[in-house]
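File shown here: data20.txt, holding compact mmCIF, C-alpha atoms.
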# COMPACT_ATOMS: atom_id res chain seq x y z
CA MET A 1 -66.16 30.32 29.07
CA SER A 2 -65.54 30.85 32.77
CA ILE A 3 -63.67 33.72 34.35
CA VAL A 4 -60.08 32.98 35.24
CA SER A 5 -58.67 34.70 38.30
CA ILE A 6 -55.29 36.00 37.20
CA GLY A 7 -52.66 37.89 39.17
CA GLY A 8 -53.56 40.92 41.26
CA ARG A 9 -56.30 42.09 38.91
CA GLY A 10 -58.37 38.87 38.70
CA ALA A 11 -62.04 39.47 38.06
CA ALA A 12 -61.54 43.19 38.63
CA LEU A 13 -60.48 43.38 35.00
CA VAL A 14 -64.12 43.49 33.98
CA ALA A 15 -64.35 46.91 35.58
CA PHE A 16 -62.36 48.47 32.72
CA ALA A 17 -65.45 50.01 31.15
CA MET A 18 -66.44 51.57 34.46
CA VAL A 19 -62.92 52.89 34.95
CA VAL A 20 -63.11 54.57 31.57
CA ALA A 21 -66.54 55.97 32.45
CA ALA A 22 -65.12 57.43 35.65
CA CYS A 23 -62.29 59.04 33.71
CA SER A 24 -64.73 60.58 31.25
CA GLY A 25 -66.94 62.00 33.97
CA THR A 26 -69.92 59.78 33.12
CA THR A 27 -71.78 57.40 35.39
CA GLY A 28 -72.65 54.68 32.92
CA GLY A 29 -73.15 53.72 29.34
CA ALA A 30 -69.60 52.65 28.61
CA VAL A 31 -70.60 49.00 28.50
CA ASP A 32 -72.95 49.83 25.65
CA ASN A 33 -69.88 50.47 23.53
CA VAL A 34 -68.60 46.90 23.86
CA VAL A 35 -67.54 45.34 20.57
CA PRO A 36 -68.08 41.60 21.16
CA THR A 37 -65.99 39.12 19.24
CA THR A 38 -67.65 37.10 16.51
CA ASP A 39 -65.68 33.85 16.53
CA SER A 40 -67.97 30.98 17.49
CA SER A 41 -65.07 28.81 18.61
CA ASP A 42 -63.99 28.43 22.24
CA SER A 43 -61.44 31.19 21.76
CA ALA A 44 -62.35 34.63 23.03
CA VAL A 45 -60.50 36.21 20.14
CA GLY A 46 -63.00 36.71 17.30
CA GLU A 47 -62.77 38.59 14.06
CA ALA A 48 -62.69 42.37 14.36
CA THR A 49 -66.00 44.05 13.67
CA ALA A 50 -66.48 46.56 10.90
CA SER A 51 -67.14 49.28 13.47
CA SER A 52 -63.64 49.13 14.94
CA THR A 53 -62.06 52.57 15.11
CA THR A 54 -58.92 53.01 13.06
CA ALA A 55 -58.14 56.68 13.72
CA GLY A 56 -54.49 57.07 14.64
CA ALA A 57 -53.93 53.33 14.92
CA GLU A 58 -50.49 53.53 13.36
CA PRO A 59 -48.05 55.19 15.79
CA SER A 60 -45.68 57.51 13.99
CA ASP A 61 -43.72 60.05 15.98
CA GLY A 62 -44.98 58.82 19.35
CA ALA A 63 -47.57 61.57 19.70
CA PRO A 64 -51.31 60.92 19.28
CA PRO A 65 -53.13 63.00 16.71
CA ASP A 66 -54.83 66.21 17.83
CA ASP A 67 -58.23 64.73 16.95
CA GLN A 68 -58.61 61.09 17.94
CA GLY A 69 -62.36 61.18 17.54
CA LEU A 70 -62.70 60.88 21.31
CA PRO A 71 -66.20 61.12 22.82
CA PRO A 72 -66.93 64.42 24.64
CA GLY A 73 -65.20 64.56 28.01
CA PHE A 74 -63.05 61.50 27.30
CA PRO A 75 -59.54 61.84 28.81
CA PRO A 76 -56.58 62.11 26.44
CA GLY A 77 -54.65 58.96 25.63
CA GLY A 78 -52.38 57.26 23.16
CA VAL A 79 -53.15 54.97 20.24
CA GLY A 80 -51.70 51.90 18.59
CA THR A 81 -52.28 48.30 17.57
CA VAL A 82 -52.45 44.95 19.33
CA VAL A 83 -52.09 41.73 17.29
CA ILE A 84 -53.66 38.61 18.84
CA ASP A 85 -52.84 35.31 17.13
CA GLY A 86 -52.24 37.17 13.87
CA GLN A 87 -55.43 39.28 14.06
CA THR A 88 -54.87 43.02 14.32
CA PHE A 89 -56.96 45.13 16.71
CA ASP A 90 -56.77 48.91 16.56
CA SER A 91 -56.47 50.59 19.93
CA PRO A 92 -58.16 54.00 19.68
CA TRP A 93 -57.29 54.87 23.29
CA VAL A 94 -54.39 53.92 25.56
CA GLY A 95 -54.75 55.22 29.11
CA ASN A 96 -51.77 55.88 31.36
CA CYS A 97 -53.28 55.40 34.82
CA GLU A 98 -51.98 56.95 38.03
CA ILE A 99 -50.53 54.41 40.46
CA ASP A 100 -51.63 54.59 44.08
CA GLU A 101 -48.82 55.82 46.34
CA LEU A 102 -49.70 52.90 48.61
CA PHE A 103 -47.70 50.70 46.22
CA ASN A 104 -44.62 52.95 46.47
CA PRO A 105 -44.24 53.29 42.71
CA SER A 106 -41.09 54.39 40.96
CA PRO A 107 -41.46 57.61 38.92
CA ASP A 108 -40.93 55.47 35.80
CA ASP A 109 -43.56 52.84 36.62
CA LEU A 110 -46.40 52.42 34.11
CA ASP A 111 -49.96 51.11 34.42
CA LEU A 112 -51.39 51.18 30.90
CA SER A 113 -54.84 50.15 29.65
CA ALA A 114 -55.35 49.80 25.89
CA SER A 115 -58.94 49.69 24.67
CA LEU A 116 -59.43 47.25 21.80
CA GLY A 117 -61.87 48.19 19.06
CA SER A 118 -64.02 50.77 20.85
CA PHE A 119 -63.81 53.59 23.39
CA GLY A 120 -64.73 52.32 26.82
CA GLY A 121 -65.39 48.74 25.69
CA ILE A 122 -64.75 45.61 27.72
CA ASP A 123 -62.02 44.20 25.46
CA ALA A 124 -58.69 45.57 26.66
CA PHE A 125 -54.98 44.89 26.97
CA PHE A 126 -53.24 45.81 30.24
CA LEU A 127 -49.53 46.44 30.73
CA GLU A 128 -47.74 47.02 34.02
CA VAL A 129 -44.07 47.99 34.02
CA SER A 130 -42.37 48.55 37.37
CA TYR A 131 -38.87 48.98 38.76
CA ARG A 132 -38.01 47.29 42.07
CA GLU A 133 -35.13 46.40 44.34
CA ALA A 134 -34.29 42.71 44.02
CA ALA A 135 -33.18 42.31 47.65
CA PRO A 136 -33.92 45.39 49.78
CA GLY A 137 -31.41 45.70 52.58
CA ALA A 138 -28.92 43.27 51.11
CA ALA A 139 -25.32 44.35 51.56
CA GLU A 140 -24.27 42.84 48.24
CA GLY A 141 -25.96 41.57 45.13
CA ASN A 142 -28.93 43.93 45.24
CA TYR A 143 -29.98 45.54 41.97
CA ILE A 144 -32.92 47.35 40.42
CA TYR A 145 -34.86 45.05 38.14
CA THR A 146 -37.64 45.70 35.64
CA GLN A 147 -40.87 43.75 36.07
CA PHE A 148 -43.43 43.42 33.28
CA ARG A 149 -46.95 42.03 33.72
CA PRO A 150 -49.22 41.85 30.63
CA GLU A 151 -52.89 40.78 30.80
CA LEU A 152 -55.58 40.51 28.13
CA GLN A 153 -59.33 40.73 28.66
CA MET A 154 -61.74 39.71 25.92
CA GLN A 155 -65.47 39.09 25.75
CA ASP A 156 -66.59 36.07 23.75
CA ASP A 157 -69.73 35.82 21.63
CA SER A 158 -71.65 34.41 24.63
CA GLY A 159 -70.95 37.51 26.69
CA ASN A 160 -68.52 35.78 29.04
CA TYR A 161 -65.15 37.25 29.96
CA ALA A 162 -61.94 35.48 29.04
CA LEU A 163 -58.78 36.54 30.81
CA PHE A 164 -55.25 35.74 29.63
CA ALA A 165 -51.97 36.36 31.46
CA SER A 166 -48.37 35.22 31.42
CA SER A 167 -47.49 32.20 33.58
CA GLY A 168 -45.36 34.52 35.71
CA SER A 169 -43.95 38.01 35.61
CA TYR A 170 -41.19 38.98 33.21
CA VAL A 171 -38.11 40.30 35.03
CA THR A 172 -34.58 41.43 34.24
CA GLY A 173 -31.29 40.32 35.74
CA PRO A 174 -28.37 42.59 36.69
CA ASP A 175 -27.04 42.38 33.12
CA GLY A 176 -30.39 43.42 31.63
CA ALA A 177 -31.27 39.92 30.35
CA TRP A 178 -34.97 39.02 30.54
CA TYR A 179 -36.48 35.97 32.27
CA LEU A 180 -39.96 34.55 32.83
CA ASP A 181 -40.24 34.36 36.62
CA GLU A 182 -42.87 31.68 37.15
CA ASN A 183 -42.14 31.30 40.87
CA GLU A 184 -42.06 35.07 41.50
CA ASN A 185 -38.74 34.91 43.36
CA LEU A 186 -36.12 35.07 40.62
CA PRO A 187 -34.68 38.57 41.29
CA ALA A 188 -33.99 37.72 44.95
CA ALA A 189 -32.45 34.37 43.93
CA ILE A 190 -30.14 36.17 41.51
CA ALA A 191 -29.25 38.83 44.07
CA PHE A 192 -28.31 36.23 46.69
CA ASP A 193 -26.69 33.93 44.08
CA ILE A 194 -28.99 31.02 44.85
CA PRO A 195 -27.99 28.32 42.32
CA THR A 196 -31.56 27.50 41.23
CA HIS A 197 -31.76 30.77 39.33
CA ASN A 198 -29.29 29.34 36.81
CA GLU A 199 -31.95 26.84 35.73
CA VAL A 200 -34.14 29.63 34.31
CA PRO A 201 -33.19 30.42 30.68
CA SER A 202 -33.06 33.98 29.42
CA ILE A 203 -35.56 35.04 26.76
CA GLU A 204 -35.95 37.72 24.13
CA PRO A 205 -37.11 41.06 25.61
CA PRO A 206 -40.92 40.87 25.93
CA VAL A 207 -41.29 44.65 26.11
CA VAL A 208 -39.38 47.74 25.01
CA THR A 209 -40.20 51.25 26.22
CA ASP A 210 -38.91 54.30 24.38
CA GLY A 211 -40.21 57.60 25.72
CA ASP A 212 -43.97 57.55 25.16
CA ARG A 213 -43.93 54.37 23.08
CA ILE A 214 -44.14 50.75 24.24
CA SER A 215 -43.91 47.62 22.10
CA GLY A 216 -43.22 43.93 22.43
CA MET A 217 -44.44 40.36 22.08
CA VAL A 218 -45.68 37.87 24.70
CA SER A 219 -47.49 34.53 25.01
CA LEU A 220 -50.45 34.53 27.42
CA GLU A 221 -52.43 31.67 28.97
CA GLY A 222 -56.17 31.38 29.62
CA ASP A 223 -58.93 28.81 30.05
CA SER A 224 -59.21 28.26 26.30
CA GLY A 225 -55.47 27.88 25.78
CA SER A 226 -52.69 30.25 24.85
CA VAL A 227 -52.59 33.32 22.64
CA ASP A 228 -49.62 35.15 21.13
CA VAL A 229 -49.85 38.91 21.52
CA SER A 230 -47.71 41.61 19.96
CA PHE A 231 -48.27 45.31 20.54
CA ASP A 232 -47.10 48.74 19.46
CA LEU A 233 -48.64 51.56 21.47
CA THR A 234 -48.12 55.18 22.39
CA PHE A 235 -49.30 56.81 25.61
CA ILE A 236 -49.65 60.24 27.17
CA THR A 237 -46.80 60.68 29.65
CA ASP A 238 -48.94 62.55 32.21
CA PRO A 239 -50.97 59.88 34.09
CA ILE A 240 -54.72 60.21 34.58
CA ASP A 241 -56.89 59.11 37.50
CA CYS A 242 -58.47 55.76 36.55
CA SER A 243 -59.93 55.00 39.97
CA LEU A 244 -63.62 54.27 40.28
Translate this structure into structure tokens?
Amino acid sequence: MSIVSIGGRGAALVAFAMVVAACSGTTGGAVDNVVPTTDSSDSAVGEATASSTTAGAEPSDGAPPDDQGLPPGFPPGGVGTVVIDGQTFDSPWVGNCEIDELFNPSPDDLDLSASLGSFGGIDAFFLEVSYREAAPGAAEGNYIYTQFRPELQMQDDSGNYALFASSGSYVTGPDGAWYLDENENLPAAIAFDIPTHNEVPSIEPPVVTDGDRISGMVSLEGDSGSVDVSFDLTFITDPIDCSL
């Protein structure tokens, strides 16, 4: 299966293991922890291996357990589960990454990376939640909207990377209703009351954040087709440096 270039991350998604290694203070070896999928079909989503970590996989009060079984030097993180086409993957580590000030982030913005099945493995689910002005400088109609971008990275049994993403970003309108913004211009269209925005139907909320917990359900597209993903994760509220 070929690599699909998706959104701003594109092929950089495969660097997740190296990012985790940088966080843990190591210089390599994280790729050795990859848990490849076992499905021989064209889908990158195989059956979970018996070695998948289950410690703390069920979020309870929003706080990760004191002992997650983290490798020495591994940064603290959350836990949870990700369900892909009905198959449940335990996430033993959910990293809350610092966002570069270059992108002018809001204090509430999130850049989360959930490892699937192993610490520092290649398989991962990424979630970006940001808060932006719909029409900066507009005298009327401007509002702060929520933008949600989910992406999934899986390694198939041939060792190739399969990337899945939504066909656009998920955004909110002034009334809090959610939309799939496939043309990446919906908030501005709503702010300036451009009639074409009325052609975009509202959808069920794809993501809900509550303190240090995030959950939701989305449909993602990739080379092999679409996958339905639901998730229920906790995260540490203090971000960590995930830069290489």
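Distances to A:Gly80 were evaluated for A:Trp178, A:Phe126, A:Trp93, A:Phe192 using all atoms listed in the file, and the minimum falls at A:Trp93.
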(message) When you count all atoms listed in the file, which of these residues is closest to A:Phe148: A:Pro92, A:Pro75, A:Pro206, A:Gly117?
(response) A:Pro206
(request) Would you work out the distance separating atom CA of A:Asp111 from atom CA of A:Glu133, expressed in Å to one decimal? (result)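 Atom CA of A:Glu133 lies 18.5 Å from atom CA of A:Asp111.
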(message) Using Å and a single decimal, report how far atom CA of A:Val229 sits from atom CA of A:Gln87.
(response)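 Calculated distance between atom CA of A:Gln87 and atom CA of A:Val229 is 9.3 Å.
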(message) So the first atom is atom CA of A:His197 and the second is atom CA of A:Glu221; what is the distance between them in Å, to one decimal place?
(response)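 Distance between the two atoms: 23.1 Å.
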Contacts of A:Gly211 at 10 Å or less, counting only C-alpha atoms, minus same-chain residues fewer than 5 places along, as a CSV table (one decimal) with C-alpha atoms, in the coordinates of the input?
chain,number,residue,atom,x,y,z
A,62,GLY,CA,-45.0,58.8,19.4
A,234,THR,CA,-48.1,55.2,22.4
A,235,PHE,CA,-49.3,56.8,25.6
A,236,ILE,CA,-49.6,60.2,27.2
A,237,THR,CA,-46.8,60.7,29.6
(request) Identify which of the residues A:Ser166, A:Asn96, A:Ser224, A:Thr209 lies closest to A:Asn183, counting only C-alpha atoms when measuring atom-to-atom distances. (result)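 The answer is A:Ser166, which sits nearest to A:Asn183.
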(request) Tell me which of A:Gly95, A:Tyr131, A:Ile240, A:Asp90 sits closest to A:Leu116, counting all atoms listed in the file. (result)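 When distances to A:Leu116 are compared using all atoms listed in the file, the smallest one comes from A:Asp90.
If all atoms listed in the file are the atoms counted, then among A:Leu180, A:Val227, A:Ile203, A:Ala114 the closest residue to A:Leu163 is A:Val227.
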(request) May I ask which of the residues A:Cys242, A:Ala134, A:Leu112, A:Val171 is the closest one to A:Phe74, counting all atoms listed in the file? (result)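 Closest to A:Phe74, using all atoms listed in the file: A:Cys242.
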